[in-house]
Amino acid sequence: MAISFPFSAIVGQDEMKLAILIAAVDPAIGGILVFGDRGTGKSTAVRALAALLPKMRAVMGCAYNSDPAHPFVADGAEASKTPLKSHLISVPVVDLPLGATEDRVVGALDLERALSQGVKAFEPGLLARANRGFLYIDEVNLLEDHLVDLLIDVAASGENVVEREGLSLRHPARFVLVGSGNPEEGELRPQLLDRFGLSVEVKTPTDLAGRVEVVKRRDAFEHDPVAFIEQWKKEDEKIRKRIVAGRTRLDAVRISDAARERAAQLCMALGTDGLRGDLTLIRAARAYAALQGDDAITDEHFKRIAAPALRHRLRRNPLDDSGSTVRVDRAVAELMGA
Amino acid sequence: MNLVAALFAVDPCGLGGVALRASAGQPRDQWLALLNKILPAGTPQRRIPLNINDAALLGGLDLGATLGAGRPIAQQGVLAHADGGVVLLAMAERVPLGTAARLAAVLDTQIVAIERDGLALKLPARLGVVALDEGIADDEQVPSALLDRLAFLVRLKAAGPDDDDADWQAKDIAFARELLPRITVSDDIVQALCAAALALGVYSLRAPIFAMKAARCAAALDGLLEVTEDHTALAARLVLAPRATQLPSAQADNEEQPPQEPGDEQDDKKNDQPKDQQDEQQQNQEQEKQEDKAQDQPDPPPDELPPNNEQDIRNSEALAESVLDAAQAAIPDGLLAALQLGQAAKARAQAAGRSGAVQKSQTRGRPMGARRGEPRAGARLNVIETLRAAAPWQKLRQLQSERQNPIPRDAKHEHQHKHLHKRIYVRREDFHVTRFKQVGQTTTLFVVDASGSSALNRLAEAKGAVELLLADCYVRRDHVAVLAFRGKTAELLLPPTRSLARAKRSLGGLPGGGGTPLATAIDVARELAEQIRRRGETPIIVLLTDGRGNIGRDGSPGRVAATEDAMAAARQLRAAGFTALLIDTSNQPQQAAQLLATQMGAAYVPLPHAGAQAVSRVVQLASAAAR
């Protein structure tokens with residue numbers, strides 16, 4: 001679809017929208033997993049991102065969307081002495097479709113040039129294209145195993161190492177990994193699950209008014225996409241300003257020792273594995289505070305962010321019918337009061 | 001059902017498609033022939049066979065053309081070819097989830113995104129899907145990711161005279177298509193469709209959207225510029241009713257009580273107080289309706305009154321009511337019952353062997369495609385795929401090799417030159433190995449109550465059964481493990497093994513007697529079963545006990561607390577979704593054991609004085625069922 005549904009026109013699904021905004025403010029958050037019911041606008045929200053995000057500056061003609069301040073220089077190549085030309089581009093939101101082959105994901109020998117000119121050249125793949133942006137995998141739980149392995153590796157190192165077809169090179173591949181899917185169709189490997197900073201559960205709204213609104217907006221969009229986007233332009237612009245303001249504020253948000261302690265207490269109470277929970281919790285709370293225009297992390301921020309930051313890191317406890325969200329909420333309530 | 005064909009033909013892309021549940025035969029052929037007739041001439045129609053590969057479905061590199069032209073030539077897949085038309089999905093009930101997900105992505109974006117074989121393409125694919133579902137049993141279903149994106153779910157019966165047999169013509173459709181963009185839908189109608197969907201328990205938001213589109217197509221077929229109540233009712237009947245998961249509360253009767261939240265209600269409570277539930281539910285419903293209504297409306301008296309008595313009800317309310325009625329009347333008989341059964345069975349089946357039952361293997365089982373990789377560790381080389389991968393590079397590699405070993409121009413070497421050219425250059429990175437799908441192995445985990453006086457008996461029985469099973473299941477390469485519990489702990493007597501000798505040795509001496517730490521035993525069994533599942537095998541838990549625990553999870557004695565703990569552990573085990581079997585070894589079948597079995601989701605088998613033979617037979621039956 002050339003035109004995507006405007007982000008601000010998505011009805012409800014606040015947690016999902018918040019998670020996306022947090023990742024937009026602080027991409028280091030490490031990815032978002034959106035799991036839940038069908039027909040809730042999971043992919044709509046992600047695909048709306050490209051139009052929503054403020055443009056970024058990149059080196060002209062760079063296949064990896066390099067930042068002009070720190071351009072990527074391939075091994076063995078000389079850094080350019082003259083200043084590089086740069087331009088504003090949309091933040092890449094790259095779709096990794098199911099059925100993609102490994103050569104297109106990591107990049108491979110440029111077939112066209114190899115065949116016609118007999119030249120050995122690297123053609124960057126999706127990972128290169130997604131650098132400094134977002135990599136979106138719909139139905140992430142159906143992704144082929146060997147691609148999952150590859151993503152786990154790259155998402156951890158932020159670097160794509162290519163060793164194939166006589167090519168040997170590495171290039172930066174830092175992106176926010178966004179996965180969506182329906183848990184009924186299969187679970188996610190724990191290693192991949194762990195790579196996602198935030199995990200969001202989406203449910204279909206059950207209030208009539210909200211549902212009617214969804215149907216109406218969708219219909220209006222399909223009927224005349226251009227007019228519909230025009231109509232929501234202002235709202236999208238507001239969100240964009242919020243993201244920009246959040247980014248500027250991010251480093252100024254104070255993380256007190258008390259807040260760190262809070263995060264640690266919460267993780268301990270829930271028995272999350274490893275330290276990644278702590279780190280993500282604090283990062284997400286900071287980004288949320290920045291979005292809200294606050295100066296320091298408080299309990300309020302933790303309350304809002306605890307469930308998406310921690311729910312996928314809990315040890316399985318099948319006894320709890322309530323599911324992990326309730327467990328996180330319970331722990332939060334016990335620790336910080338309702 | 002001819003009408004469905006006509007509606008679908010008006011807007012195939014907007015409506016997503018039709019799931020046509022019918023066996024191959026005349027009714028289906030007639031329906032397809034009609035669709036074929038009324039679609040505008042030249043509409044592409046493509047058939048997707050079961051187990052189509054990605055290259056054919058999505059597209060990829062056209063090897064022949066690429067080699068001939070000396071530059072990469074893309075080959076379109078079925079989906080791109082069908083742009084603007086219709087694809088027929090054969091045997092849709094057996095379509096793998098992956099294929100369904102690819103189709104779903106195309107239906108969502110109306111684009112085929114190809115990232116394959118060095119090609120990055122986005123091709124338009126505005127199409128509708130006719131899923132030919134030949135499923136008979138209720139558990140044979142088209143993947144729900146796909147169903148959710150198809151407007152119509154149709155069950156074709158053998159030539160029903162009750163059906164509308166209106167004969168549509170291509171010109172009707174063409175006319176309707178022209179009208180379609182101008183048709184308006186009032187807010188009341190949107191509201192009514194959404195309310196009906198909610199009342200029927202149709203939660204996906206795609207459903208009301210499809211219903212609205214279907215209503216629009218119906219209006220277009222009638223040559224009207226506005227959707228009327230009739231169209232709305234029709235849409236509710238065709239789109240919403242087949243997806244119903246509950247009856248609107250007003251007329252719900254006991255047997256078709258919608259499924260509550262799992263675990264919400266005890267089974268036995270259900271029959272005691274259906275009336276209360278019903279009222280409560282209905283109140284909720286009323287409240288929901290109420291929210292959007294004017295405040296001063298009197299509360300409509302519950303259910304007894306037919307709609308026409310409520311005179312002061314606003315127009316939209318009446319509309320919503322009649323739409324709902326229409327939909328409700330169209331809910332197929334037995335759908336709800338089947339649905340509830342099906343869901344329960346599905347949940348269990350899925351949980352029981354998700355990773356164990358089907359696993360990918362490098363060496364054995366049914367082949368399921370190839371992947372890049374080296375033929376090492378027993379993996380088998382897939383020659384065709386390897387050659388395919390190597391083919392595009394031949395020219396380049398030839399050039400390279402000539403550069404590295406220049407061929408003398410001498411005429412004497414003409415022969416050798418030719419020979420060199422004929423060579424195919426295959427390199428390591430071309431290697432593809434075949435992937436196999438393997439039916440999982442099972443590991444039977446015996447959990448034996450070694451407490452109390454009958455311990456020795458039970459242990460002996462278990463031992464006998466293990467030996468019998470091992471002797472028998474060597475052929476199937478299954479494993480057996482034994483866990484015994486007594487005193488305060490559960491001990492793994494025999495780790496999962498296939499060795500008969502080892503089993504005999506380990507099961508030699510275990511003193512019996514002491515307390516019955518049932519809860520601990522179940523916990524340990526679950527952990528072990530989870531380990532087994534993680535290894536990709538399917539665990540089957542066989543618990544031999546009388547179900548009377550007297551040691552709690554914390555090791556303290558006390559029958560009440562111990563029973564509670566055991567029940568909790570049992571529920572946990574059930575939630576983990578393993579196949580389980582409880583063999584009641586007491587002289588008289590015990591209620592406690594039966595209850596425990598229910599909580600565990602286990603089959604309950606009372607076998608007083610169970611002999612090893614009997615135990616092993618029961619276990620074999622259970623494991624056959626778990627496969």
# chains A, B, ... in the order shown; residues from 1 in each chain; ligands from 1
>>> closest_atom_pairs(of="chain B", to="chain A", cutoff="6 Å", atoms="only C-alpha atoms", output="Markdown table")
| residue | atom | partner | partner_atom | distance |
| --- | --- | --- | --- | --- |
| B:Gly70 | CA | A:Leu115 | CA | 5.6 |
| B:Arg71 | CA | A:Glu112 | CA | 5.3 |
| B:Pro72 | CA | A:Glu112 | CA | 5.6 |
| B:Thr109 | CA | A:Met1 | CA | 5.4 |
| B:Glu115 | CA | A:Ala100 | CA | 4.8 |
| B:Arg116 | CA | A:Thr101 | CA | 4.8 |
| B:Gly118 | CA | A:Arg104 | CA | 5.6 |
| B:Gln191 | CA | A:Val212 | CA | 5.8 |
| B:Cys194 | CA | A:Val212 | CA | 5.9 |
| B:Ser204 | CA | A:Gly39 | CA | 5.0 |
| B:Leu205 | CA | A:Gly39 | CA | 5.2 |
| B:Arg206 | CA | A:Gly39 | CA | 5.5 |
| B:Ile209 | CA | A:Val215 | CA | 5.6 |
| B:Leu396 | CA | A:Gly118 | CA | 5.2 |
| B:Gln572 | CA | A:Leu319 | CA | 4.3 |
| B:Ala575 | CA | A:Pro318 | CA | 5.3 |
| B:Ala576 | CA | A:Pro318 | CA | 6.0 |
>>> residues_around(residues="Thr280 (chain A)", least_positions_apart="6", cutoff="7 Å", atoms="only C-alpha atoms", output="list in words")
Ile29, Gly197 and Ala309 of chain A
>>> atom_distance(atom1="CA of Ala258 (chain A)", atom2="CA of Lys303 (chain A)")
14.9 Å
>>> residues_around(residues="Asp54 (chain B)", least_positions_apart="5", cutoff="12 Å", atoms="only C-alpha atoms", output="PDB file with N, CA and C atoms, in the first residue's frame")
ATOM      1  N   PRO A  97       9.015  -9.574   4.653  1.00  0.00           N
ATOM      2  CA  PRO A  97       7.876 -10.439   4.361  1.00  0.00           C
ATOM      3  C   PRO A  97       8.218 -11.899   4.619  1.00  0.00           C
ATOM      4  N   LEU A  98       7.229 -12.662   4.993  1.00  0.00           N
ATOM      5  CA  LEU A  98       7.442 -14.105   5.098  1.00  0.00           C
ATOM      6  C   LEU A  98       7.815 -14.592   3.709  1.00  0.00           C
ATOM      7  N   GLY A  99       8.658 -15.588   3.657  1.00  0.00           N
ATOM      8  CA  GLY A  99       9.068 -16.090   2.351  1.00  0.00           C
ATOM      9  C   GLY A  99      10.284 -15.349   1.822  1.00  0.00           C
ATOM     10  N   ALA A 100      10.793 -14.407   2.599  1.00  0.00           N
ATOM     11  CA  ALA A 100      12.024 -13.738   2.192  1.00  0.00           C
ATOM     12  C   ALA A 100      13.150 -14.754   2.257  1.00  0.00           C
ATOM     13  N   THR A 101      14.095 -14.657   1.335  1.00  0.00           N
ATOM     14  CA  THR A 101      15.221 -15.587   1.397  1.00  0.00           C
ATOM     15  C   THR A 101      16.387 -14.904   2.091  1.00  0.00           C
TER      16      THR A 101
ATOM     17  N   ILE B  48      -4.247 -22.029  -6.700  1.00  0.00           N
ATOM     18  CA  ILE B  48      -3.084 -22.275  -5.850  1.00  0.00           C
ATOM     19  C   ILE B  48      -3.151 -23.699  -5.332  1.00  0.00           C
ATOM     20  N   PRO B  49      -2.239 -24.535  -5.801  1.00  0.00           N
ATOM     21  CA  PRO B  49      -2.270 -25.909  -5.295  1.00  0.00           C
ATOM     22  C   PRO B  49      -1.765 -25.961  -3.861  1.00  0.00           C
ATOM     23  N   GLY B  59       6.818 -15.471  -6.324  1.00  0.00           N
ATOM     24  CA  GLY B  59       7.654 -15.086  -7.445  1.00  0.00           C
ATOM     25  C   GLY B  59       9.102 -15.214  -7.048  1.00  0.00           C
ATOM     26  N   GLY B  60       9.967 -15.069  -8.007  1.00  0.00           N
ATOM     27  CA  GLY B  60      11.388 -15.202  -7.717  1.00  0.00           C
ATOM     28  C   GLY B  60      12.161 -14.999  -9.001  1.00  0.00           C
ATOM     29  N   LEU B  61      13.307 -15.636  -9.035  1.00  0.00           N
ATOM     30  CA  LEU B  61      14.169 -15.481 -10.195  1.00  0.00           C
ATOM     31  C   LEU B  61      13.755 -16.483 -11.269  1.00  0.00           C
ATOM     32  N   GLN B  75      10.438 -13.527 -12.090  1.00  0.00           N
ATOM     33  CA  GLN B  75       9.306 -14.329 -12.512  1.00  0.00           C
ATOM     34  C   GLN B  75       8.187 -14.043 -11.530  1.00  0.00           C
ATOM     35  N   GLN B  76       7.033 -13.706 -12.057  1.00  0.00           N
ATOM     36  CA  GLN B  76       5.937 -13.405 -11.146  1.00  0.00           C
ATOM     37  C   GLN B  76       5.343 -14.688 -10.601  1.00  0.00           C
ATOM     38  N   GLY B  77       4.855 -14.586  -9.379  1.00  0.00           N
ATOM     39  CA  GLY B  77       4.191 -15.731  -8.791  1.00  0.00           C
ATOM     40  C   GLY B  77       2.705 -15.698  -9.086  1.00  0.00           C
ATOM     41  N   VAL B  78       2.019 -16.711  -8.604  1.00  0.00           N
ATOM     42  CA  VAL B  78       0.576 -16.812  -8.838  1.00  0.00           C
ATOM     43  C   VAL B  78      -0.147 -15.568  -8.348  1.00  0.00           C
ATOM     44  N   LEU B  79       0.265 -15.064  -7.202  1.00  0.00           N
ATOM     45  CA  LEU B  79      -0.460 -13.946  -6.607  1.00  0.00           C
ATOM     46  C   LEU B  79      -0.356 -12.684  -7.455  1.00  0.00           C
ATOM     47  N   GLY B  98       2.032 -21.170   7.200  1.00  0.00           N
ATOM     48  CA  GLY B  98       2.917 -20.227   6.530  1.00  0.00           C
ATOM     49  C   GLY B  98       2.309 -19.703   5.238  1.00  0.00           C
ATOM     50  N   THR B  99       1.741 -20.596   4.446  1.00  0.00           N
ATOM     51  CA  THR B  99       1.105 -20.169   3.209  1.00  0.00           C
ATOM     52  C   THR B  99      -0.064 -19.241   3.517  1.00  0.00           C
ATOM     53  N   ALA B 100      -0.831 -19.603   4.531  1.00  0.00           N
ATOM     54  CA  ALA B 100      -1.968 -18.770   4.909  1.00  0.00           C
ATOM     55  C   ALA B 100      -1.501 -17.376   5.307  1.00  0.00           C
ATOM     56  N   ALA B 101      -0.394 -17.326   6.033  1.00  0.00           N
ATOM     57  CA  ALA B 101       0.109 -16.027   6.477  1.00  0.00           C
ATOM     58  C   ALA B 101       0.587 -15.187   5.300  1.00  0.00           C
ATOM     59  N   ARG B 102       1.176 -15.839   4.305  1.00  0.00           N
ATOM     60  CA  ARG B 102       1.624 -15.083   3.120  1.00  0.00           C
ATOM     61  C   ARG B 102       0.423 -14.515   2.384  1.00  0.00           C
ATOM     62  N   LEU B 103      -0.600 -15.346   2.251  1.00  0.00           N
ATOM     63  CA  LEU B 103      -1.824 -14.881   1.598  1.00  0.00           C
ATOM     64  C   LEU B 103      -2.448 -13.739   2.395  1.00  0.00           C
ATOM     65  N   VAL B 112       2.279  -7.832  -3.355  1.00  0.00           N
ATOM     66  CA  VAL B 112       3.152  -8.953  -3.082  1.00  0.00           C
ATOM     67  C   VAL B 112       4.535  -8.380  -2.863  1.00  0.00           C
ATOM     68  N   ALA B 113       5.047  -8.544  -1.666  1.00  0.00           N
ATOM     69  CA  ALA B 113       6.393  -8.060  -1.390  1.00  0.00           C
ATOM     70  C   ALA B 113       7.337  -9.230  -1.558  1.00  0.00           C
ATOM     71  N   ILE B 114       8.257  -9.096  -2.488  1.00  0.00           N
ATOM     72  CA  ILE B 114       9.198 -10.179  -2.760  1.00  0.00           C
ATOM     73  C   ILE B 114      10.580  -9.744  -2.318  1.00  0.00           C
ATOM     74  N   GLU B 115      11.162 -10.515  -1.460  1.00  0.00           N
ATOM     75  CA  GLU B 115      12.556 -10.296  -1.077  1.00  0.00           C
ATOM     76  C   GLU B 115      13.232 -11.645  -1.245  1.00  0.00           C
ATOM     77  N   ARG B 116      13.423 -12.038  -2.485  1.00  0.00           N
ATOM     78  CA  ARG B 116      13.909 -13.392  -2.723  1.00  0.00           C
ATOM     79  C   ARG B 116      14.944 -13.399  -3.836  1.00  0.00           C
ATOM     80  N   ASP B 117      15.841 -14.345  -3.769  1.00  0.00           N
ATOM     81  CA  ASP B 117      16.795 -14.613  -4.841  1.00  0.00           C
ATOM     82  C   ASP B 117      17.425 -13.332  -5.379  1.00  0.00           C
ATOM     83  N   GLY B 369      10.659 -29.400   1.745  1.00  0.00           N
ATOM     84  CA  GLY B 369      11.412 -28.288   1.214  1.00  0.00           C
ATOM     85  C   GLY B 369      12.885 -28.374   1.531  1.00  0.00           C
ATOM     86  N   ALA B 370      13.617 -27.392   1.034  1.00  0.00           N
ATOM     87  CA  ALA B 370      15.056 -27.412   1.217  1.00  0.00           C
ATOM     88  C   ALA B 370      15.494 -26.106   1.825  1.00  0.00           C
TER      89      ALA B 370
END
>>> atom_distance(atom1="CA of Ala389 (chain B)", atom2="CA of Arg428 (chain B)")
10.6 Å
>>> select_by_dssp(residues="region 5-170 of chain B", states="strand (DSSP E or B)", output="ChimeraX atom specification")
/B:17-21,45-48,59-61,74-76,86-89,111-116,119-124,128-133,152-155
>>> residues_around(residues="Leu250 (chain A)", least_positions_apart="4", cutoff="7 Å", atoms="only C-alpha atoms", output="PyMOL selection string")
chain A and resi 246+286-287+290
>>> atom_distance(atom1="CA of Met567 (chain B)", atom2="CA of Ala269 (chain A)")
25.2 Å
>>> select_by_dssp(residues="region 155-234 of chain A", states="helix (DSSP H, G or I)", output="number ranges by chain")
A: 155-157, 183-185, 190-195, 208-223, 225-234
>>> closest_residue(among="A:Leu127, A:Asp236, A:Ala23, A:Arg262", to="Phe7 (chain A)", atoms="only C-alpha atoms")
A:Asp236
